[in-house]
file protein_37.cif (mmCIF, N, CA and C atoms)
data_input
#
loop_
_atom_site.label_atom_id
_atom_site.label_comp_id
_atom_site.auth_asym_id
_atom_site.auth_seq_id
_atom_site.Cartn_x
_atom_site.Cartn_y
_atom_site.Cartn_z
N ALA A 1 37.49 -5.44 35.43
CA ALA A 1 36.51 -6.08 34.55
C ALA A 1 35.38 -6.68 35.38
N LYS A 2 35.74 -7.29 36.51
CA LYS A 2 34.72 -7.90 37.37
C LYS A 2 33.78 -6.84 37.93
N ARG A 3 34.33 -5.70 38.32
CA ARG A 3 33.51 -4.61 38.86
C ARG A 3 32.58 -4.01 37.82
N LEU A 4 32.99 -4.04 36.56
CA LEU A 4 32.18 -3.49 35.48
C LEU A 4 30.86 -4.24 35.32
N THR A 5 30.83 -5.51 35.68
CA THR A 5 29.62 -6.31 35.50
C THR A 5 28.46 -5.80 36.36
N LYS A 6 28.75 -4.93 37.31
CA LYS A 6 27.70 -4.27 38.09
C LYS A 6 26.86 -3.35 37.19
N PHE A 7 27.50 -2.83 36.14
CA PHE A 7 26.86 -1.86 35.26
C PHE A 7 26.46 -2.42 33.90
N ILE A 8 27.25 -3.33 33.38
CA ILE A 8 27.04 -3.81 32.01
C ILE A 8 27.39 -5.29 31.90
N LYS A 9 26.92 -5.88 30.82
CA LYS A 9 27.37 -7.22 30.46
C LYS A 9 28.66 -7.02 29.68
N LEU A 10 29.73 -7.54 30.20
CA LEU A 10 31.04 -7.37 29.58
C LEU A 10 31.50 -8.69 28.98
N GLU A 11 31.89 -8.64 27.75
CA GLU A 11 32.45 -9.82 27.08
C GLU A 11 33.83 -9.44 26.57
N THR A 12 34.83 -10.20 26.96
CA THR A 12 36.19 -9.98 26.49
C THR A 12 36.52 -11.06 25.46
N ILE A 13 36.91 -10.61 24.28
CA ILE A 13 37.28 -11.52 23.21
C ILE A 13 38.72 -11.23 22.83
N GLU A 14 39.56 -12.25 22.89
CA GLU A 14 40.95 -12.08 22.52
C GLU A 14 41.17 -12.63 21.12
N ILE A 15 41.86 -11.86 20.32
CA ILE A 15 42.21 -12.25 18.96
C ILE A 15 43.71 -12.56 18.96
N GLU A 16 44.08 -13.68 18.41
CA GLU A 16 45.48 -14.05 18.38
C GLU A 16 46.28 -13.06 17.52
N GLU A 17 47.39 -12.60 18.08
CA GLU A 17 48.26 -11.68 17.35
C GLU A 17 49.04 -12.46 16.28
N GLU A 18 49.14 -11.86 15.12
CA GLU A 18 49.86 -12.48 14.01
C GLU A 18 51.36 -12.40 14.29
N LYS A 19 52.04 -13.52 14.19
CA LYS A 19 53.49 -13.57 14.42
C LYS A 19 54.23 -13.28 13.13
N ILE A 20 55.25 -12.42 13.22
CA ILE A 20 56.10 -12.18 12.07
C ILE A 20 57.56 -12.30 12.51
N ASN A 21 58.41 -12.78 11.62
CA ASN A 21 59.82 -13.00 11.94
C ASN A 21 60.70 -11.81 11.58
N ASP A 22 60.21 -10.97 10.70
CA ASP A 22 61.00 -9.84 10.20
C ASP A 22 60.08 -8.62 10.17
N GLU A 23 60.57 -7.50 10.65
CA GLU A 23 59.72 -6.31 10.73
C GLU A 23 59.75 -5.48 9.45
N LYS A 24 59.74 -6.15 8.31
CA LYS A 24 59.62 -5.45 7.04
C LYS A 24 58.21 -4.87 6.94
N GLU A 25 58.12 -3.70 6.35
CA GLU A 25 56.83 -3.02 6.22
C GLU A 25 55.78 -3.90 5.55
N SER A 26 56.17 -4.64 4.53
CA SER A 26 55.21 -5.50 3.81
C SER A 26 54.68 -6.61 4.70
N LEU A 27 55.54 -7.17 5.56
CA LEU A 27 55.10 -8.24 6.47
C LEU A 27 54.21 -7.69 7.58
N ILE A 28 54.52 -6.49 8.04
CA ILE A 28 53.68 -5.84 9.06
C ILE A 28 52.29 -5.58 8.48
N LEU A 29 52.23 -5.10 7.25
CA LEU A 29 50.95 -4.84 6.60
C LEU A 29 50.12 -6.12 6.47
N ILE A 30 50.75 -7.21 6.08
CA ILE A 30 50.06 -8.50 5.96
C ILE A 30 49.55 -8.95 7.33
N ALA A 31 50.39 -8.79 8.36
CA ALA A 31 49.98 -9.18 9.72
C ALA A 31 48.78 -8.37 10.18
N LYS A 32 48.79 -7.06 9.94
CA LYS A 32 47.66 -6.21 10.33
C LYS A 32 46.39 -6.60 9.58
N GLU A 33 46.53 -6.95 8.31
CA GLU A 33 45.37 -7.37 7.52
C GLU A 33 44.76 -8.66 8.09
N LYS A 34 45.61 -9.63 8.42
CA LYS A 34 45.12 -10.89 8.97
C LYS A 34 44.46 -10.68 10.33
N GLU A 35 45.10 -9.89 11.19
CA GLU A 35 44.49 -9.58 12.49
C GLU A 35 43.18 -8.83 12.29
N GLY A 36 43.17 -7.89 11.35
CA GLY A 36 41.97 -7.10 11.07
C GLY A 36 40.80 -7.97 10.65
N GLU A 37 41.06 -8.97 9.83
CA GLU A 37 40.00 -9.89 9.41
C GLU A 37 39.42 -10.61 10.63
N ARG A 38 40.28 -11.04 11.54
CA ARG A 38 39.80 -11.74 12.74
C ARG A 38 39.00 -10.79 13.65
N ILE A 39 39.46 -9.55 13.75
CA ILE A 39 38.74 -8.55 14.56
C ILE A 39 37.36 -8.30 13.97
N LEU A 40 37.32 -8.04 12.68
CA LEU A 40 36.05 -7.68 12.04
C LEU A 40 35.02 -8.81 12.10
N LYS A 41 35.46 -10.05 12.14
CA LYS A 41 34.53 -11.19 12.27
C LYS A 41 33.81 -11.19 13.62
N LYS A 42 34.41 -10.54 14.62
CA LYS A 42 33.83 -10.53 15.97
C LYS A 42 32.90 -9.33 16.21
N ILE A 43 32.89 -8.38 15.29
CA ILE A 43 32.09 -7.17 15.46
C ILE A 43 30.73 -7.35 14.80
N GLU A 44 29.69 -7.04 15.55
CA GLU A 44 28.31 -7.14 15.04
C GLU A 44 27.99 -5.93 14.15
N ARG A 45 27.02 -6.09 13.29
CA ARG A 45 26.64 -5.04 12.34
C ARG A 45 26.26 -3.72 13.02
N ASN A 46 25.53 -3.78 14.13
CA ASN A 46 25.05 -2.56 14.81
C ASN A 46 26.00 -2.05 15.89
N ASP A 47 27.12 -2.70 16.08
CA ASP A 47 28.06 -2.26 17.13
C ASP A 47 28.65 -0.89 16.82
N PHE A 48 28.79 -0.08 17.85
CA PHE A 48 29.52 1.18 17.76
C PHE A 48 30.95 0.84 18.17
N VAL A 49 31.90 1.02 17.27
CA VAL A 49 33.27 0.55 17.48
C VAL A 49 34.18 1.70 17.90
N ILE A 50 34.79 1.52 19.08
CA ILE A 50 35.77 2.47 19.60
C ILE A 50 37.12 1.76 19.63
N LEU A 51 38.08 2.33 18.92
CA LEU A 51 39.44 1.79 18.93
C LEU A 51 40.26 2.52 19.98
N PHE A 52 40.99 1.79 20.79
CA PHE A 52 42.00 2.40 21.64
C PHE A 52 43.25 2.45 20.78
N ASP A 53 43.63 3.66 20.39
CA ASP A 53 44.66 3.85 19.39
C ASP A 53 45.52 5.06 19.75
N VAL A 54 46.81 4.94 19.59
CA VAL A 54 47.74 6.02 19.94
C VAL A 54 47.42 7.30 19.16
N GLN A 55 46.85 7.18 17.98
CA GLN A 55 46.50 8.35 17.17
C GLN A 55 45.10 8.89 17.51
N GLY A 56 44.45 8.30 18.51
CA GLY A 56 43.09 8.70 18.86
C GLY A 56 43.03 10.00 19.63
N GLU A 57 41.80 10.41 19.89
CA GLU A 57 41.53 11.63 20.64
C GLU A 57 41.84 11.42 22.12
N MET A 58 42.34 12.46 22.76
CA MET A 58 42.64 12.39 24.20
C MET A 58 41.49 13.03 24.97
N LYS A 59 40.62 12.21 25.53
CA LYS A 59 39.55 12.71 26.39
C LYS A 59 39.93 12.42 27.83
N ASP A 60 39.61 13.34 28.73
CA ASP A 60 39.83 13.03 30.14
C ASP A 60 38.67 12.14 30.61
N SER A 61 38.73 11.70 31.86
CA SER A 61 37.73 10.74 32.36
C SER A 61 36.31 11.27 32.30
N LEU A 62 36.10 12.55 32.64
CA LEU A 62 34.75 13.11 32.60
C LEU A 62 34.24 13.22 31.16
N GLN A 63 35.09 13.64 30.25
CA GLN A 63 34.70 13.73 28.84
C GLN A 63 34.40 12.34 28.27
N PHE A 64 35.24 11.39 28.62
CA PHE A 64 35.05 10.02 28.14
C PHE A 64 33.73 9.45 28.68
N ALA A 65 33.44 9.69 29.95
CA ALA A 65 32.19 9.22 30.55
C ALA A 65 30.98 9.82 29.84
N LYS A 66 31.04 11.11 29.59
CA LYS A 66 29.93 11.77 28.89
C LYS A 66 29.76 11.21 27.48
N PHE A 67 30.86 10.99 26.80
CA PHE A 67 30.84 10.42 25.44
C PHE A 67 30.19 9.03 25.46
N ILE A 68 30.61 8.18 26.41
CA ILE A 68 30.07 6.82 26.52
C ILE A 68 28.57 6.87 26.80
N GLN A 69 28.15 7.73 27.72
CA GLN A 69 26.73 7.84 28.04
C GLN A 69 25.92 8.28 26.83
N ASN A 70 26.46 9.21 26.07
CA ASN A 70 25.79 9.67 24.86
C ASN A 70 25.61 8.51 23.88
N LYS A 71 26.61 7.68 23.74
CA LYS A 71 26.51 6.54 22.81
C LYS A 71 25.50 5.52 23.33
N ILE A 72 25.49 5.28 24.61
CA ILE A 72 24.50 4.35 25.20
C ILE A 72 23.08 4.85 24.92
N ASP A 73 22.91 6.16 25.02
CA ASP A 73 21.58 6.76 24.84
C ASP A 73 21.15 6.83 23.38
N THR A 74 22.10 6.81 22.43
CA THR A 74 21.73 7.09 21.04
C THR A 74 21.95 5.95 20.05
N ILE A 75 22.74 4.95 20.39
CA ILE A 75 22.99 3.90 19.40
C ILE A 75 22.02 2.74 19.57
N ASN A 76 21.87 1.98 18.52
CA ASN A 76 21.03 0.79 18.56
C ASN A 76 21.95 -0.42 18.39
N GLY A 77 22.64 -0.76 19.45
CA GLY A 77 23.59 -1.86 19.41
C GLY A 77 24.51 -1.77 20.61
N ASN A 78 25.57 -2.52 20.55
CA ASN A 78 26.54 -2.54 21.64
C ASN A 78 27.69 -1.59 21.34
N ILE A 79 28.41 -1.23 22.38
CA ILE A 79 29.66 -0.52 22.21
C ILE A 79 30.75 -1.60 22.22
N CYS A 80 31.57 -1.58 21.20
CA CYS A 80 32.64 -2.55 21.06
C CYS A 80 33.97 -1.81 21.16
N PHE A 81 34.71 -2.05 22.23
CA PHE A 81 36.03 -1.45 22.42
C PHE A 81 37.07 -2.40 21.86
N VAL A 82 38.00 -1.87 21.07
CA VAL A 82 39.01 -2.72 20.45
C VAL A 82 40.39 -2.15 20.77
N LEU A 83 41.23 -3.02 21.31
CA LEU A 83 42.62 -2.68 21.61
C LEU A 83 43.48 -3.46 20.63
N GLY A 84 44.30 -2.76 19.86
CA GLY A 84 45.05 -3.38 18.77
C GLY A 84 46.31 -4.09 19.20
N GLY A 85 46.91 -4.73 18.24
CA GLY A 85 48.17 -5.42 18.44
C GLY A 85 49.35 -4.46 18.38
N SER A 86 50.53 -5.01 18.36
CA SER A 86 51.77 -4.23 18.39
C SER A 86 51.91 -3.24 17.25
N TYR A 87 51.34 -3.57 16.10
CA TYR A 87 51.52 -2.74 14.91
C TYR A 87 50.31 -1.90 14.57
N GLY A 88 49.31 -1.91 15.43
CA GLY A 88 48.11 -1.12 15.18
C GLY A 88 47.07 -1.91 14.42
N PHE A 89 46.21 -1.19 13.71
CA PHE A 89 45.06 -1.80 13.04
C PHE A 89 45.20 -1.76 11.53
N SER A 90 44.48 -2.64 10.86
CA SER A 90 44.40 -2.61 9.40
C SER A 90 43.51 -1.42 8.99
N GLU A 91 43.63 -1.05 7.73
CA GLU A 91 42.80 0.04 7.21
C GLU A 91 41.31 -0.31 7.32
N ASP A 92 40.96 -1.57 7.12
CA ASP A 92 39.55 -1.98 7.21
C ASP A 92 39.00 -1.81 8.63
N VAL A 93 39.81 -2.08 9.63
CA VAL A 93 39.37 -1.89 11.02
C VAL A 93 39.21 -0.39 11.30
N TYR A 94 40.16 0.41 10.83
CA TYR A 94 40.02 1.87 11.00
C TYR A 94 38.74 2.37 10.33
N LYS A 95 38.43 1.88 9.14
CA LYS A 95 37.23 2.30 8.43
C LYS A 95 35.96 1.88 9.16
N ARG A 96 35.99 0.72 9.82
CA ARG A 96 34.81 0.21 10.53
C ARG A 96 34.55 0.95 11.83
N SER A 97 35.58 1.54 12.39
CA SER A 97 35.43 2.21 13.70
C SER A 97 34.72 3.55 13.53
N GLN A 98 34.05 3.96 14.61
CA GLN A 98 33.40 5.26 14.63
C GLN A 98 34.15 6.27 15.49
N PHE A 99 35.07 5.79 16.32
CA PHE A 99 35.81 6.70 17.20
C PHE A 99 37.13 6.05 17.60
N LYS A 100 38.14 6.90 17.76
CA LYS A 100 39.44 6.45 18.23
C LYS A 100 39.79 7.22 19.50
N GLN A 101 40.09 6.49 20.56
CA GLN A 101 40.44 7.07 21.86
C GLN A 101 41.88 6.69 22.17
N SER A 102 42.68 7.68 22.53
CA SER A 102 44.05 7.41 22.95
C SER A 102 44.07 7.23 24.46
N ILE A 103 44.77 6.22 24.93
CA ILE A 103 44.96 6.03 26.36
C ILE A 103 46.07 6.97 26.83
N SER A 104 47.11 7.07 26.01
CA SER A 104 48.26 7.90 26.34
C SER A 104 49.13 8.02 25.10
N LYS A 105 49.94 9.04 25.07
CA LYS A 105 50.94 9.17 23.99
C LYS A 105 52.18 8.34 24.32
N LEU A 106 52.26 7.84 25.54
CA LEU A 106 53.37 6.98 25.94
C LEU A 106 53.14 5.56 25.42
N THR A 107 54.19 4.77 25.36
CA THR A 107 54.09 3.39 24.92
C THR A 107 54.04 2.46 26.13
N PHE A 108 53.09 1.53 26.11
CA PHE A 108 52.92 0.57 27.21
C PHE A 108 52.83 -0.85 26.64
N PRO A 109 53.17 -1.85 27.44
CA PRO A 109 52.93 -3.23 27.01
C PRO A 109 51.42 -3.44 26.82
N HIS A 110 51.07 -4.35 25.93
CA HIS A 110 49.67 -4.60 25.60
C HIS A 110 48.83 -4.89 26.84
N GLN A 111 49.33 -5.73 27.75
CA GLN A 111 48.55 -6.11 28.92
C GLN A 111 48.29 -4.90 29.83
N PHE A 112 49.24 -4.00 29.92
CA PHE A 112 49.07 -2.81 30.75
C PHE A 112 48.06 -1.86 30.10
N ALA A 113 48.16 -1.70 28.78
CA ALA A 113 47.20 -0.86 28.06
C ALA A 113 45.78 -1.40 28.23
N ARG A 114 45.65 -2.72 28.23
CA ARG A 114 44.33 -3.35 28.41
C ARG A 114 43.75 -3.02 29.78
N VAL A 115 44.58 -3.09 30.82
CA VAL A 115 44.13 -2.75 32.17
C VAL A 115 43.72 -1.28 32.23
N MET A 116 44.50 -0.41 31.61
CA MET A 116 44.18 1.02 31.62
C MET A 116 42.87 1.29 30.87
N ALA A 117 42.66 0.61 29.78
CA ALA A 117 41.42 0.80 29.02
C ALA A 117 40.21 0.36 29.84
N ILE A 118 40.29 -0.82 30.43
CA ILE A 118 39.17 -1.32 31.24
C ILE A 118 38.93 -0.41 32.45
N GLU A 119 40.00 0.08 33.05
CA GLU A 119 39.86 1.01 34.18
C GLU A 119 39.10 2.27 33.76
N GLN A 120 39.41 2.80 32.59
CA GLN A 120 38.73 4.01 32.13
C GLN A 120 37.26 3.75 31.80
N ILE A 121 36.98 2.59 31.26
CA ILE A 121 35.58 2.23 31.00
C ILE A 121 34.83 2.10 32.31
N TYR A 122 35.44 1.44 33.29
CA TYR A 122 34.83 1.30 34.62
C TYR A 122 34.61 2.68 35.25
N ARG A 123 35.62 3.52 35.17
CA ARG A 123 35.52 4.87 35.74
C ARG A 123 34.39 5.64 35.07
N ALA A 124 34.22 5.48 33.77
CA ALA A 124 33.14 6.17 33.06
C ALA A 124 31.77 5.75 33.61
N PHE A 125 31.60 4.47 33.87
CA PHE A 125 30.33 4.01 34.41
C PHE A 125 30.12 4.48 35.85
N LYS A 126 31.19 4.55 36.63
CA LYS A 126 31.08 5.11 37.99
C LYS A 126 30.62 6.57 37.91
N ILE A 127 31.24 7.34 37.06
CA ILE A 127 30.89 8.76 36.89
C ILE A 127 29.45 8.89 36.43
N ASN A 128 29.07 8.11 35.43
CA ASN A 128 27.72 8.22 34.87
C ASN A 128 26.63 7.74 35.82
N ASN A 129 27.00 6.98 36.83
CA ASN A 129 26.03 6.54 37.84
C ASN A 129 26.16 7.33 39.13
N ASN A 130 26.81 8.48 39.05
CA ASN A 130 26.99 9.39 40.18
C ASN A 130 27.59 8.72 41.41
N GLU A 131 28.52 7.80 41.15
CA GLU A 131 29.23 7.13 42.24
C GLU A 131 30.61 7.77 42.40
N LYS A 132 31.14 7.69 43.61
CA LYS A 132 32.46 8.25 43.88
C LYS A 132 33.50 7.49 43.07
N TYR A 133 34.47 8.23 42.59
CA TYR A 133 35.60 7.61 41.92
C TYR A 133 36.85 8.38 42.30
N HIS A 134 37.95 7.70 42.26
CA HIS A 134 39.22 8.31 42.66
C HIS A 134 39.68 9.28 41.57
N LYS A 135 40.05 10.50 41.99
CA LYS A 135 40.54 11.50 41.03
C LYS A 135 42.04 11.53 41.04
#
call {"tool": "encode", "arguments": {"input": "protein_37.cif", "output": "structure tokens"}}
result
Amino acid sequence: AKRLTKFIKLETIEIEEEKINDEKESLILIAKEKEGERILKKIERNDFVILFDVQGEMKDSLQFAKFIQNKIDTINGNICFVLGGSYGFSEDVYKRSQFKQSISKLTFPHQFARVMAIEQIYRAFKINNNEKYHK
């Protein structure tokens, strides 16, 4: 994240995860809705929203870099990357997003997924600025 500031202004916003005592489907849905409301309050009207989601598209680093550069060149706003909680996103967050990117089909702890997401964003900026990056 610190290295990314060479290329962009990076703001990290953490949304508190909704706690549930029982993993009933109805309680999970309520938790996702509450988290979704908090997420959507942080997104600006002109933001291009990318969700890191297990159901998202699998782009390699070069494809992801090209995609990010295209968005930088064509959108009128910021790119907002969103990493969801344990149960995923609410329907409203899915509807607000313009793209879903999968980090992996494997399951990782939230903190590890966050590091992987930031690493890929950093790698995209290295690629787009014709700087060496580890393959």
call {"tool": "resolve_selection", "arguments": {"input": "protein_37.cif", "expression": "the PyMOL selection byres ((chain A and resi 7-16) around 8)", "output": "list in words"}}
result
Ala1, Lys2, Arg3, Leu4, Thr5, Lys6, Glu17, Glu18, Lys19, Lys34, Glu35, Arg38, Ile39, Gly85, Phe125 and Lys126 of chain A
call {"tool": "closest_residue", "arguments": {"input": "protein_37.cif", "among": "A:Asp73, A:Leu51, A:Asn128, A:Glu44", "to": "Tyr94 in chain A", "atoms": "only N, CA and C atoms"}}
result
A:Leu51
call {"tool": "closest_residue", "arguments": {"input": "protein_37.cif", "among": "A:Val93, A:Ala31, A:Leu62, A:Val82", "to": "Ala124 in chain A", "atoms": "only N, CA and C atoms"}}
result
A:Leu62
call {"tool": "atom_distance", "arguments": {"input": "protein_37.cif", "atom1": "atom C of Gln55 in chain A", "atom2": "atom C of Gln101 in chain A"}}
result
6.1 Å
call {"tool": "closest_residue", "arguments": {"input": "protein_37.cif", "among": "A:Phe48, A:Phe64, A:Met58, A:Asp53", "to": "His110 in chain A", "atoms": "only C-alpha atoms"}}
result
A:Asp53
call {"tool": "closest_residue", "arguments": {"input": "protein_37.cif", "among": "A:Ser61, A:Thr74, A:Asn21, A:Asn130", "to": "Asn46 in chain A", "atoms": "only C-alpha atoms"}}
result
A:Thr74
call {"tool": "resolve_selection", "arguments": {"input": "protein_37.cif", "expression": "the PyMOL selection byres ((chain A and resi 98) around 6)", "output": "PyMOL selection string"}}
result
chain A and resi 48-50+96-97+99-100
call {"tool": "write_last_selection", "arguments": {"input": "protein_37.cif", "atoms": "N, CA and C atoms", "output": "PDB file, in the frame of the given file"}}
result
ATOM      1  N   PHE A  48      28.790  -0.080  17.850  1.00  0.00           N
ATOM      2  CA  PHE A  48      29.520   1.180  17.760  1.00  0.00           C
ATOM      3  C   PHE A  48      30.950   0.840  18.170  1.00  0.00           C
ATOM      4  N   VAL A  49      31.900   1.020  17.270  1.00  0.00           N
ATOM      5  CA  VAL A  49      33.270   0.550  17.480  1.00  0.00           C
ATOM      6  C   VAL A  49      34.180   1.700  17.900  1.00  0.00           C
ATOM      7  N   ILE A  50      34.790   1.520  19.080  1.00  0.00           N
ATOM      8  CA  ILE A  50      35.770   2.470  19.600  1.00  0.00           C
ATOM      9  C   ILE A  50      37.120   1.760  19.630  1.00  0.00           C
ATOM     10  N   ARG A  96      35.990   0.720   9.820  1.00  0.00           N
ATOM     11  CA  ARG A  96      34.810   0.210  10.530  1.00  0.00           C
ATOM     12  C   ARG A  96      34.550   0.950  11.830  1.00  0.00           C
ATOM     13  N   SER A  97      35.580   1.540  12.390  1.00  0.00           N
ATOM     14  CA  SER A  97      35.430   2.210  13.700  1.00  0.00           C
ATOM     15  C   SER A  97      34.720   3.550  13.530  1.00  0.00           C
ATOM     16  N   PHE A  99      35.070   5.790  16.320  1.00  0.00           N
ATOM     17  CA  PHE A  99      35.810   6.700  17.200  1.00  0.00           C
ATOM     18  C   PHE A  99      37.130   6.050  17.600  1.00  0.00           C
ATOM     19  N   LYS A 100      38.140   6.900  17.760  1.00  0.00           N
ATOM     20  CA  LYS A 100      39.440   6.450  18.230  1.00  0.00           C
ATOM     21  C   LYS A 100      39.790   7.220  19.500  1.00  0.00           C
TER      22      LYS A 100
END
call {"tool": "atom_distance", "arguments": {"input": "protein_37.cif", "atom1": "atom C of Lys95 in chain A", "atom2": "atom C of Arg114 in chain A"}}
result
22.6 Å
call {"tool": "closest_residue", "arguments": {"input": "protein_37.cif", "among": "A:Arg45, A:Lys132, A:Lys24, A:Arg123", "to": "Ile79 in chain A", "atoms": "only C-alpha atoms"}}
result
A:Arg45
call {"tool": "atom_distance", "arguments": {"input": "protein_37.cif", "atom1": "atom C of Glu57 in chain A", "atom2": "atom C of Ser104 in chain A"}}
result
8.6 Å
call {"tool": "closest_residue", "arguments": {"input": "protein_37.cif", "among": "A:Gly84, A:Gly77, A:Lys59, A:Tyr133", "to": "Ile103 in chain A", "atoms": "only C-alpha atoms"}}
result
A:Lys59
call {"tool": "select_by_dssp", "arguments": {"input": "protein_37.cif", "residues": "chain A", "states": "helix (DSSP H, G or I)", "output": "ChimeraX atom specification"}}
result
/A:3-6,25-42,61-74,91-96,110-128
call {"tool": "residues_around", "arguments": {"input": "protein_37.cif", "residues": "Glu33 in chain A", "least_positions_apart": "6", "cutoff": "8 Å", "atoms": "all atoms listed in the file", "output": "ChimeraX atom specification"}}
result
/A:27,39,88-93
call {"tool": "build_atoms", "arguments": {"input": "protein_37.cif", "residues": "range 13-20 of chain A", "atoms": "all heavy atoms", "output": "mmCIF file, in the frame of the given file"}}
result
data_model
loop_
_atom_site.group_PDB
_atom_site.id
_atom_site.type_symbol
_atom_site.label_atom_id
_atom_site.label_comp_id
_atom_site.auth_asym_id
_atom_site.auth_seq_id
_atom_site.Cartn_x
_atom_site.Cartn_y
_atom_site.Cartn_z
ATOM 1 N N ILE A 13 36.910 -10.610 24.280
ATOM 2 C CA ILE A 13 37.280 -11.520 23.210
ATOM 3 C C ILE A 13 38.720 -11.230 22.830
ATOM 4 O O ILE A 13 39.060 -10.085 22.514
ATOM 5 C CB ILE A 13 36.367 -11.349 21.978
ATOM 6 C CG1 ILE A 13 34.915 -11.610 22.360
ATOM 7 C CG2 ILE A 13 36.824 -12.257 20.842
ATOM 8 C CD1 ILE A 13 33.920 -11.252 21.279
ATOM 9 N N GLU A 14 39.560 -12.250 22.890
ATOM 10 C CA GLU A 14 40.950 -12.080 22.520
ATOM 11 C C GLU A 14 41.170 -12.630 21.120
ATOM 12 O O GLU A 14 40.723 -13.726 20.805
ATOM 13 C CB GLU A 14 41.868 -12.781 23.510
ATOM 14 C CG GLU A 14 41.831 -12.139 24.886
ATOM 15 C CD GLU A 14 42.810 -12.757 25.858
ATOM 16 O OE1 GLU A 14 43.838 -13.298 25.407
ATOM 17 O OE2 GLU A 14 42.533 -12.694 27.062
ATOM 18 N N ILE A 15 41.860 -11.860 20.320
ATOM 19 C CA ILE A 15 42.210 -12.250 18.960
ATOM 20 C C ILE A 15 43.710 -12.560 18.960
ATOM 21 O O ILE A 15 44.511 -11.760 19.454
ATOM 22 C CB ILE A 15 41.926 -11.109 17.956
ATOM 23 C CG1 ILE A 15 40.477 -10.648 18.018
ATOM 24 C CG2 ILE A 15 42.335 -11.506 16.542
ATOM 25 C CD1 ILE A 15 39.468 -11.662 17.615
ATOM 26 N N GLU A 16 44.080 -13.680 18.410
ATOM 27 C CA GLU A 16 45.480 -14.050 18.380
ATOM 28 C C GLU A 16 46.280 -13.060 17.520
ATOM 29 O O GLU A 16 45.883 -12.730 16.405
ATOM 30 C CB GLU A 16 45.647 -15.465 17.808
ATOM 31 C CG GLU A 16 47.069 -15.978 17.886
ATOM 32 C CD GLU A 16 47.196 -17.413 17.415
ATOM 33 O OE1 GLU A 16 46.184 -18.130 17.380
ATOM 34 O OE2 GLU A 16 48.325 -17.807 17.086
ATOM 35 N N GLU A 17 47.390 -12.600 18.080
ATOM 36 C CA GLU A 17 48.260 -11.680 17.350
ATOM 37 C C GLU A 17 49.040 -12.460 16.280
ATOM 38 O O GLU A 17 49.496 -13.571 16.513
ATOM 39 C CB GLU A 17 49.235 -11.000 18.317
ATOM 40 C CG GLU A 17 50.066 -9.922 17.668
ATOM 41 C CD GLU A 17 50.887 -9.123 18.664
ATOM 42 O OE1 GLU A 17 51.009 -9.550 19.832
ATOM 43 O OE2 GLU A 17 51.399 -8.087 18.260
ATOM 44 N N GLU A 18 49.140 -11.860 15.120
ATOM 45 C CA GLU A 18 49.860 -12.480 14.010
ATOM 46 C C GLU A 18 51.360 -12.400 14.290
ATOM 47 O O GLU A 18 51.887 -11.337 14.613
ATOM 48 C CB GLU A 18 49.515 -11.745 12.707
ATOM 49 C CG GLU A 18 49.889 -12.459 11.468
ATOM 50 C CD GLU A 18 49.102 -13.720 11.214
ATOM 51 O OE1 GLU A 18 47.951 -13.853 11.672
ATOM 52 O OE2 GLU A 18 49.670 -14.600 10.545
ATOM 53 N N LYS A 19 52.040 -13.520 14.190
ATOM 54 C CA LYS A 19 53.490 -13.570 14.420
ATOM 55 C C LYS A 19 54.230 -13.280 13.130
ATOM 56 O O LYS A 19 53.873 -13.820 12.080
ATOM 57 C CB LYS A 19 53.903 -14.960 14.939
ATOM 58 C CG LYS A 19 53.134 -15.437 16.155
ATOM 59 C CD LYS A 19 53.568 -14.705 17.394
ATOM 60 C CE LYS A 19 52.916 -15.332 18.616
ATOM 61 N NZ LYS A 19 52.163 -14.441 19.418
ATOM 62 N N ILE A 20 55.250 -12.420 13.220
ATOM 63 C CA ILE A 20 56.100 -12.180 12.070
ATOM 64 C C ILE A 20 57.560 -12.300 12.510
ATOM 65 O O ILE A 20 57.908 -11.977 13.647
ATOM 66 C CB ILE A 20 55.837 -10.815 11.398
ATOM 67 C CG1 ILE A 20 56.039 -9.652 12.371
ATOM 68 C CG2 ILE A 20 54.461 -10.761 10.798
ATOM 69 C CD1 ILE A 20 55.936 -8.297 11.723
#
